[in-house]
$ cat start_16.cif   # mmCIF, C-alpha atoms
data_query
loop_
_atom_site.label_atom_id
_atom_site.label_comp_id
_atom_site.auth_asym_id
_atom_site.auth_seq_id
_atom_site.Cartn_x
_atom_site.Cartn_y
_atom_site.Cartn_z
CA MET A 157 -36.62 16.25 -30.37
CA ALA A 158 -39.85 15.16 -32.03
CA ASP A 159 -41.22 13.40 -28.98
CA LYS A 160 -40.13 16.01 -26.47
CA LYS A 161 -42.66 16.15 -23.70
CA THR A 162 -43.67 18.81 -21.24
CA LEU A 163 -44.68 17.43 -17.88
CA THR A 164 -46.09 19.19 -14.85
CA PHE A 165 -45.76 18.01 -11.29
CA SER A 166 -47.34 19.56 -8.25
CA ILE A 167 -45.84 18.48 -4.96
CA MET A 168 -47.01 19.30 -1.48
CA ASP A 169 -45.00 17.44 1.15
CA ALA A 170 -42.40 19.23 3.24
CA PRO A 171 -38.80 18.00 3.03
CA TYR A 172 -37.69 15.14 5.29
CA GLU A 173 -41.26 14.01 6.01
CA ASN A 174 -42.30 11.51 3.40
CA ALA A 175 -41.09 9.11 0.72
CA ARG A 176 -43.37 10.87 -1.76
CA THR A 177 -40.82 13.67 -2.01
CA VAL A 178 -38.00 11.44 -3.19
CA THR A 179 -40.37 9.57 -5.50
CA ALA A 180 -41.46 12.85 -7.08
CA LEU A 181 -37.85 13.98 -7.49
CA ARG A 182 -36.94 10.60 -9.05
CA MET A 183 -39.66 11.09 -11.66
CA ILE A 184 -38.62 14.69 -12.30
CA ASP A 185 -35.00 13.54 -12.62
CA ILE A 186 -35.91 10.86 -15.18
CA ALA A 187 -37.80 13.44 -17.20
CA ALA A 188 -34.80 15.77 -16.99
CA LYS A 189 -32.48 13.00 -18.21
CA ARG A 190 -34.75 12.49 -21.20
CA GLY A 191 -34.52 16.18 -22.05
CA TYR A 192 -38.16 16.83 -21.33
CA ASN A 193 -39.38 20.19 -20.18
CA VAL A 194 -40.57 19.86 -16.62
CA ASN A 195 -42.77 22.24 -14.68
CA VAL A 196 -42.95 21.97 -10.92
CA PHE A 197 -45.45 23.77 -8.74
CA ALA A 198 -44.36 23.45 -5.11
CA TYR A 199 -47.32 23.96 -2.83
CA GLU A 200 -47.54 24.23 0.95
CA GLY A 201 -44.64 22.49 2.72
CA ALA A 202 -42.94 21.57 -0.55
CA VAL A 203 -41.75 25.17 -0.90
CA GLY A 204 -39.14 24.22 1.70
CA LEU A 205 -37.47 21.87 -0.75
CA ALA A 206 -35.67 24.71 -2.50
CA PHE A 207 -34.82 26.69 0.65
CA THR A 208 -31.16 27.66 0.51
CA LYS A 209 -30.59 27.70 4.27
CA GLN A 210 -30.86 23.92 4.55
CA ALA A 211 -27.70 22.72 6.24
CA ALA A 212 -25.99 19.36 6.46
CA HIS A 213 -25.30 17.99 9.93
CA PRO A 214 -23.14 15.36 11.58
CA ASN A 215 -24.80 12.17 12.80
CA THR A 216 -23.47 10.81 16.06
CA VAL A 217 -25.74 7.77 15.90
CA HIS A 218 -24.02 6.84 12.64
CA GLY A 219 -20.64 7.81 14.10
CA HIS A 220 -20.16 10.32 11.29
CA ASP A 221 -18.93 13.89 11.28
CA VAL A 222 -20.61 16.30 8.88
CA ASP A 223 -18.36 15.36 5.94
CA GLU A 224 -18.67 11.62 6.51
CA GLU A 225 -22.42 11.83 6.84
CA ASP A 226 -22.71 13.81 3.59
CA HIS A 227 -26.33 14.47 4.42
CA PRO A 228 -28.63 14.93 1.41
CA LEU A 229 -30.15 18.37 1.01
CA PRO A 230 -33.17 18.74 -1.26
CA LYS A 231 -31.93 22.15 -2.43
CA GLU A 232 -28.85 20.43 -3.85
CA TRP A 233 -30.96 17.74 -5.52
CA ILE A 234 -33.09 20.43 -7.17
CA ALA A 235 -30.06 22.36 -8.40
CA SER A 236 -28.58 19.14 -9.76
CA ILE A 237 -31.80 18.16 -11.53
CA MET A 238 -31.89 21.60 -13.15
CA LYS A 239 -28.35 21.09 -14.43
CA THR A 240 -29.30 17.67 -15.75
CA ALA A 241 -32.26 19.09 -17.62
CA LYS A 242 -30.14 21.81 -19.18
CA ALA A 243 -27.41 19.36 -20.19
CA ASN A 244 -30.00 17.23 -21.96
CA GLY A 245 -31.68 20.07 -23.81
CA GLY A 246 -34.63 20.48 -21.50
CA LYS A 247 -35.47 22.72 -18.60
CA VAL A 248 -37.06 22.66 -15.20
CA ASP A 249 -39.37 25.57 -14.45
CA TRP A 250 -39.80 25.38 -10.69
CA ILE A 251 -42.38 27.68 -9.08
CA ASN A 252 -42.85 28.01 -5.36
CA CYS A 253 -46.31 29.11 -4.19
CA GLY A 254 -45.57 32.64 -2.98
CA LEU A 255 -48.01 32.74 -0.09
CA CYS A 256 -46.77 29.35 1.09
CA VAL A 257 -43.22 30.72 1.02
CA ASP A 258 -44.16 33.79 3.03
CA GLU A 259 -45.99 31.94 5.78
CA ARG A 260 -43.00 29.63 6.24
CA GLY A 261 -40.29 32.30 5.91
CA VAL A 262 -38.42 30.38 3.21
CA ALA A 263 -37.99 33.09 0.61
CA GLU A 264 -34.33 32.28 -0.04
CA ALA A 265 -34.63 29.69 -2.76
CA VAL A 266 -32.33 27.87 -5.14
CA GLU A 267 -31.29 29.90 -8.18
CA GLY A 268 -33.57 29.17 -11.10
CA THR A 269 -36.68 28.70 -8.99
CA ARG A 270 -39.25 31.47 -8.74
CA ARG A 271 -42.36 32.61 -6.90
CA GLY A 272 -45.80 32.13 -8.34
CA THR A 273 -49.51 31.65 -7.79
CA PRO A 274 -52.09 28.89 -8.31
CA GLY A 275 -52.79 30.48 -11.69
CA ASP A 276 -49.31 29.33 -12.72
CA LEU A 277 -50.22 25.73 -11.93
CA TRP A 278 -53.24 26.07 -14.19
CA LYS A 279 -51.10 27.53 -17.01
CA PHE A 280 -48.49 24.81 -16.53
CA ALA A 281 -51.14 22.11 -16.84
CA GLU A 282 -52.73 23.66 -19.90
CA ALA A 283 -49.36 23.69 -21.67
CA SER A 284 -48.34 20.16 -20.66
CA ASP A 285 -48.66 16.69 -22.10
CA GLY A 286 -49.33 15.35 -18.63
CA THR A 287 -49.85 16.61 -15.10
CA LEU A 288 -49.34 14.69 -11.88
CA ILE A 289 -50.58 16.03 -8.55
CA ILE A 290 -48.82 14.56 -5.52
CA GLY A 291 -50.71 15.76 -2.48
CA ALA A 292 -49.71 15.48 1.16
CA LYS A 293 -51.76 12.89 3.04
CA MET B 211 -59.23 21.79 -20.11
CA LYS B 212 -61.59 20.44 -17.46
CA VAL B 213 -60.15 19.29 -14.16
CA LEU B 214 -61.76 17.31 -11.35
CA GLN B 215 -60.10 17.91 -8.00
CA VAL B 216 -60.49 14.83 -5.80
CA ILE B 217 -60.20 15.52 -2.08
CA ASP B 218 -60.20 12.69 0.43
CA THR B 219 -57.66 13.84 3.00
CA ALA B 220 -59.68 15.97 5.39
CA TYR B 221 -58.70 18.79 7.74
CA ARG B 222 -55.11 18.83 6.49
CA CYS B 223 -53.59 21.94 8.12
CA THR B 224 -56.97 23.66 8.14
CA VAL B 225 -56.44 25.35 11.48
CA GLU B 226 -53.06 26.79 10.51
CA GLU B 227 -54.19 27.83 7.04
CA GLN B 228 -57.70 28.82 8.13
CA ASP B 229 -58.99 26.92 5.11
CA ASP B 230 -58.37 23.68 3.25
CA PRO B 231 -55.45 24.11 0.82
CA VAL B 232 -57.14 22.20 -1.99
CA VAL B 233 -60.44 24.01 -1.62
CA TRP B 234 -58.41 27.21 -1.53
CA ILE B 235 -56.30 26.48 -4.61
CA THR B 236 -59.44 25.46 -6.47
CA ALA B 237 -60.99 28.86 -5.77
CA ALA B 238 -57.75 30.60 -6.75
CA MET B 239 -57.42 28.70 -10.03
CA LYS B 240 -61.10 29.29 -10.80
CA GLY B 241 -60.38 32.98 -10.35
CA ALA B 242 -57.49 32.62 -12.81
CA GLY B 243 -59.84 31.24 -15.46
CA GLY B 244 -59.70 27.53 -14.68
CA ASP B 245 -62.54 25.11 -15.33
CA LEU B 246 -62.62 22.98 -12.21
CA SER B 247 -64.94 20.76 -10.25
CA VAL B 248 -64.47 19.04 -6.90
CA LEU B 249 -65.24 15.54 -5.68
CA LEU B 250 -65.37 15.08 -1.90
CA ARG B 251 -64.83 11.48 -0.89
CA GLY B 252 -63.66 9.55 2.16
CA ASN B 253 -63.26 11.68 5.26
CA ALA B 254 -63.45 14.85 3.18
CA VAL B 255 -67.22 14.41 2.75
CA ASN B 256 -67.38 16.11 6.14
CA TYR B 257 -66.33 19.35 4.45
CA ALA B 258 -69.88 19.69 3.14
CA VAL B 259 -71.56 19.39 6.53
CA ARG B 260 -73.39 22.59 7.39
CA GLY B 261 -72.70 24.47 10.61
CA GLN B 262 -69.14 23.45 11.42
CA ASP B 263 -67.51 25.48 14.15
CA ALA B 264 -63.74 25.38 14.62
CA SER B 265 -63.58 28.54 16.68
CA GLY B 266 -62.14 28.88 20.14
CA LEU B 267 -58.50 28.01 19.65
CA ALA B 268 -56.15 29.97 21.89
CA PHE B 269 -52.56 29.51 22.95
CA GLY B 270 -52.00 31.78 25.91
CA ASP B 271 -53.38 35.17 24.95
CA ARG B 272 -53.07 34.48 21.24
CA LYS B 273 -56.58 33.69 20.08
CA GLN B 274 -57.50 32.61 16.59
CA SER B 275 -59.84 35.25 15.21
CA GLN B 276 -60.46 33.73 11.76
CA PRO B 277 -60.95 30.01 12.25
CA PRO B 278 -61.54 27.83 9.21
CA ARG B 279 -65.09 27.68 7.90
CA ILE B 280 -64.83 24.87 5.43
CA ASP B 281 -68.58 24.50 4.88
CA ARG B 282 -68.76 28.18 3.95
CA ASP B 283 -65.78 27.78 1.61
CA VAL B 284 -67.40 24.77 -0.10
CA LYS B 285 -70.61 26.72 -0.57
CA ARG B 286 -68.65 29.65 -2.00
CA LEU B 287 -67.07 27.32 -4.52
CA THR B 288 -70.50 26.31 -5.76
CA GLU B 289 -71.52 29.95 -5.92
CA LYS B 290 -68.48 30.65 -8.11
CA GLY B 291 -69.58 28.00 -10.57
CA VAL B 292 -67.42 25.15 -9.32
CA ALA B 293 -69.48 21.96 -9.28
CA VAL B 294 -68.95 20.12 -5.99
CA TYR B 295 -69.79 16.42 -5.80
CA LEU B 296 -69.98 14.29 -2.69
CA VAL B 297 -69.89 10.49 -2.51
CA GLN B 298 -73.19 9.60 -0.91
CA GLU B 299 -72.12 6.26 0.57
CA ASP B 300 -69.05 7.84 2.19
CA ALA B 301 -71.31 10.41 3.85
CA LEU B 302 -73.85 7.86 5.07
CA GLU B 303 -71.10 5.63 6.50
CA ARG B 304 -70.05 8.59 8.61
CA GLY B 305 -73.56 9.35 9.82
CA ILE B 306 -74.00 12.38 7.58
CA GLU B 307 -77.58 12.70 6.39
CA PRO B 308 -78.39 14.40 3.08
CA ASN B 309 -80.21 17.24 4.85
CA GLU B 310 -77.02 18.16 6.75
CA VAL B 311 -75.10 19.00 3.58
CA VAL B 312 -74.69 22.59 2.39
CA ASP B 313 -76.86 23.64 -0.53
CA GLY B 314 -75.40 23.28 -3.99
CA VAL B 315 -73.41 20.10 -3.38
CA GLU B 316 -74.42 17.23 -5.66
CA LYS B 317 -74.56 13.79 -4.07
CA ILE B 318 -73.46 10.93 -6.27
CA SER B 319 -73.25 7.21 -5.76
CA ARG B 320 -69.90 5.38 -5.80
CA SER B 321 -71.09 3.53 -8.85
CA LYS B 322 -71.22 6.84 -10.75
CA ILE B 323 -67.65 7.93 -10.00
CA ALA B 324 -66.13 6.31 -13.08
CA GLY B 325 -68.70 8.03 -15.26
CA LEU B 326 -67.96 11.33 -13.55
CA PHE B 327 -64.21 10.91 -14.17
CA ASP B 328 -64.96 10.37 -17.84
CA GLN B 329 -66.32 13.92 -18.09
CA PHE B 330 -62.95 15.48 -17.29
CA ASP B 331 -59.61 15.86 -19.10
CA HIS B 332 -57.62 15.63 -15.86
CA ILE B 333 -58.23 14.02 -12.49
CA TRP B 334 -56.09 15.64 -9.81
CA HIS B 335 -56.09 13.54 -6.67
CA TRP B 336 -54.72 15.61 -3.81
#
$ encode --input "start_16.cif" --output "structure tokens"
Amino acid sequence: MADKKTLTFSIMDAPYENARTVTALRMIDIAAKRGYNVNVFAYEGAVGLAFTKQAAHPNTVHGHDVDEEDHPLPKEWIASIMKTAKANGGKVDWINCGLCVDERGVAEAVEGTRRGTPGDLWKFAEASDGTLIIGAK
Amino acid sequence: MKVLQVIDTAYRCTVEEQDDPVVWITAAMKGAGGDLSVLLRGNAVNYAVRGQDASGLAFGDRKQSQPPRIDRDVKRLTEKGVAVYLVQEDALERGIEPNEVVDGVEKISRSKIAGLFDQFDHIWHW
């Protein structure tokens, strides 16, 4: 693909806290659908997005059991985005800040994600056509 | 590649992390060979105020022994060769006088921000 892009995103918000998370994943998903190569550096609370121990729950306020509620789990969104990228000839290289993972105890992460350091964010950005930093506020 | 890190959210998890995560990642990326500068604006101009003291936190018998020292960390950035800029008007609006700011931080006017941005390949607004 002649116009294949490489994009880097750094995200910082923890799951289930802010609309920025879904917005970031929407952008990453669009890039994946276009077959772009996408780098993600998850920093601070965002390392929880890929945590495999996330669990769906029922919602009595909605009157739903766990199956009816079908609660979204960011780990599933990430895995799905990775599949989308692969199916379209691209890839998602997702790095979780290792120290951020350790201090939160969320080492169990979605397959295909990996640990890294701030130096990886720098390398990602150097090798990308564009970089977007989405900080927590 | 030259990157300007713009910080305006102040004291975001600084007690838990014992530093500011953007100041920290700037130092880490500088150590990895990055060419970075920092612009402190909005409430984050307070990061450059000399003599901050966040010590004394204790929950029961668990006392924090290494409280954040953001002014020290900002000064260390400048000593590592990271240019740190501060928006002068934002500081004055918050009662911060120029002589209260740690050495090595360059004060710039709001009207100069666009020109500053033009000197960088990337602007990373955290």
$ residues_around --input "start_16.cif" --residues "segment 322-332 of chain B" --least-positions-apart "3" --cutoff "9 Å" --atoms "all atoms listed in the file" --output "VMD selection string"
(chain A and resid 286 to 287) or (chain B and resid 211 to 215 297 318 to 319)
$ atom_distance --input "start_16.cif" --atom1 "atom CA of Glu299 of chain B" --atom2 "atom CA of Asn256 of chain B"
12.3 Å
$ atom_distance --input "start_16.cif" --atom1 "atom CA of Thr179 of chain A" --atom2 "atom CA of Thr240 of chain A"
17.1 Å
$ residues_near_point --input "start_16.cif" --point "(-59.3, 17.3, 2.0)" --cutoff "8 Å" --atoms "all atoms listed in the file" --output "CSV table (one decimal) with C-alpha atoms, in the coordinates of the input"
chain,number,residue,atom,x,y,z
B,217,ILE,CA,-60.2,15.5,-2.1
B,218,ASP,CA,-60.2,12.7,0.4
B,219,THR,CA,-57.7,13.8,3.0
B,220,ALA,CA,-59.7,16.0,5.4
B,221,TYR,CA,-58.7,18.8,7.7
B,222,ARG,CA,-55.1,18.8,6.5
B,230,ASP,CA,-58.4,23.7,3.2
B,231,PRO,CA,-55.4,24.1,0.8
B,232,VAL,CA,-57.1,22.2,-2.0
B,233,VAL,CA,-60.4,24.0,-1.6
B,250,LEU,CA,-65.4,15.1,-1.9
B,253,ASN,CA,-63.3,11.7,5.3
B,254,ALA,CA,-63.4,14.8,3.2
B,257,TYR,CA,-66.3,19.4,4.4
B,336,TRP,CA,-54.7,15.6,-3.8
$ closest_residue --input "start_16.cif" --among "B:Lys290, B:Arg320, B:Arg251, B:Lys240" --to "Arg304 of chain B" --atoms "all atoms listed in the file"
B:Arg251
$ residues_around --input "start_16.cif" --residues "Val203 of chain A" --least-positions-apart "2" --cutoff "8 Å" --atoms "only C-alpha atoms" --output "PDB file with C-alpha atoms, in the coordinates of the input"
ATOM      1  CA  MET A 168     -47.010  19.300  -1.480  1.00  0.00           C
ATOM      2  CA  ALA A 170     -42.400  19.230   3.240  1.00  0.00           C
ATOM      3  CA  ALA A 198     -44.360  23.450  -5.110  1.00  0.00           C
ATOM      4  CA  TYR A 199     -47.320  23.960  -2.830  1.00  0.00           C
ATOM      5  CA  GLU A 200     -47.540  24.230   0.950  1.00  0.00           C
ATOM      6  CA  GLY A 201     -44.640  22.490   2.720  1.00  0.00           C
ATOM      7  CA  LEU A 205     -37.470  21.870  -0.750  1.00  0.00           C
ATOM      8  CA  ALA A 206     -35.670  24.710  -2.500  1.00  0.00           C
ATOM      9  CA  PHE A 207     -34.820  26.690   0.650  1.00  0.00           C
ATOM     10  CA  ASN A 252     -42.850  28.010  -5.360  1.00  0.00           C
ATOM     11  CA  CYS A 253     -46.310  29.110  -4.190  1.00  0.00           C
ATOM     12  CA  CYS A 256     -46.770  29.350   1.090  1.00  0.00           C
ATOM     13  CA  VAL A 257     -43.220  30.720   1.020  1.00  0.00           C
ATOM     14  CA  VAL A 262     -38.420  30.380   3.210  1.00  0.00           C
TER      15      VAL A 262
END
$ resolve_selection --input "start_16.cif" --expression "the PyMOL selection byres ((chain B and resi 308) around 12)" --output "number ranges by chain"
B: 255-256, 258-260, 296-307, 309-318
$ closest_residue --input "start_16.cif" --among "A:Tyr172, A:Tyr192, A:Phe165, A:Trp250" --to "chain B" --atoms "only C-alpha atoms"
A:Phe165
$ resolve_selection --input "start_16.cif" --expression "the PyMOL selection byres ((chain B) within 7 of (chain A))" --output "number ranges by chain"
B: 211, 219, 235, 238-239, 242, 244, 334-336
$ atom_distance --input "start_16.cif" --atom1 "atom CA of Trp234 of chain B" --atom2 "atom CA of Asp283 of chain B"
8.0 Å
$ closest_residue --input "start_16.cif" --among "A:Lys209, A:Lys247, A:Lys189, A:Lys161" --to "Thr269 of chain A" --atoms "all atoms listed in the file"
A:Lys247
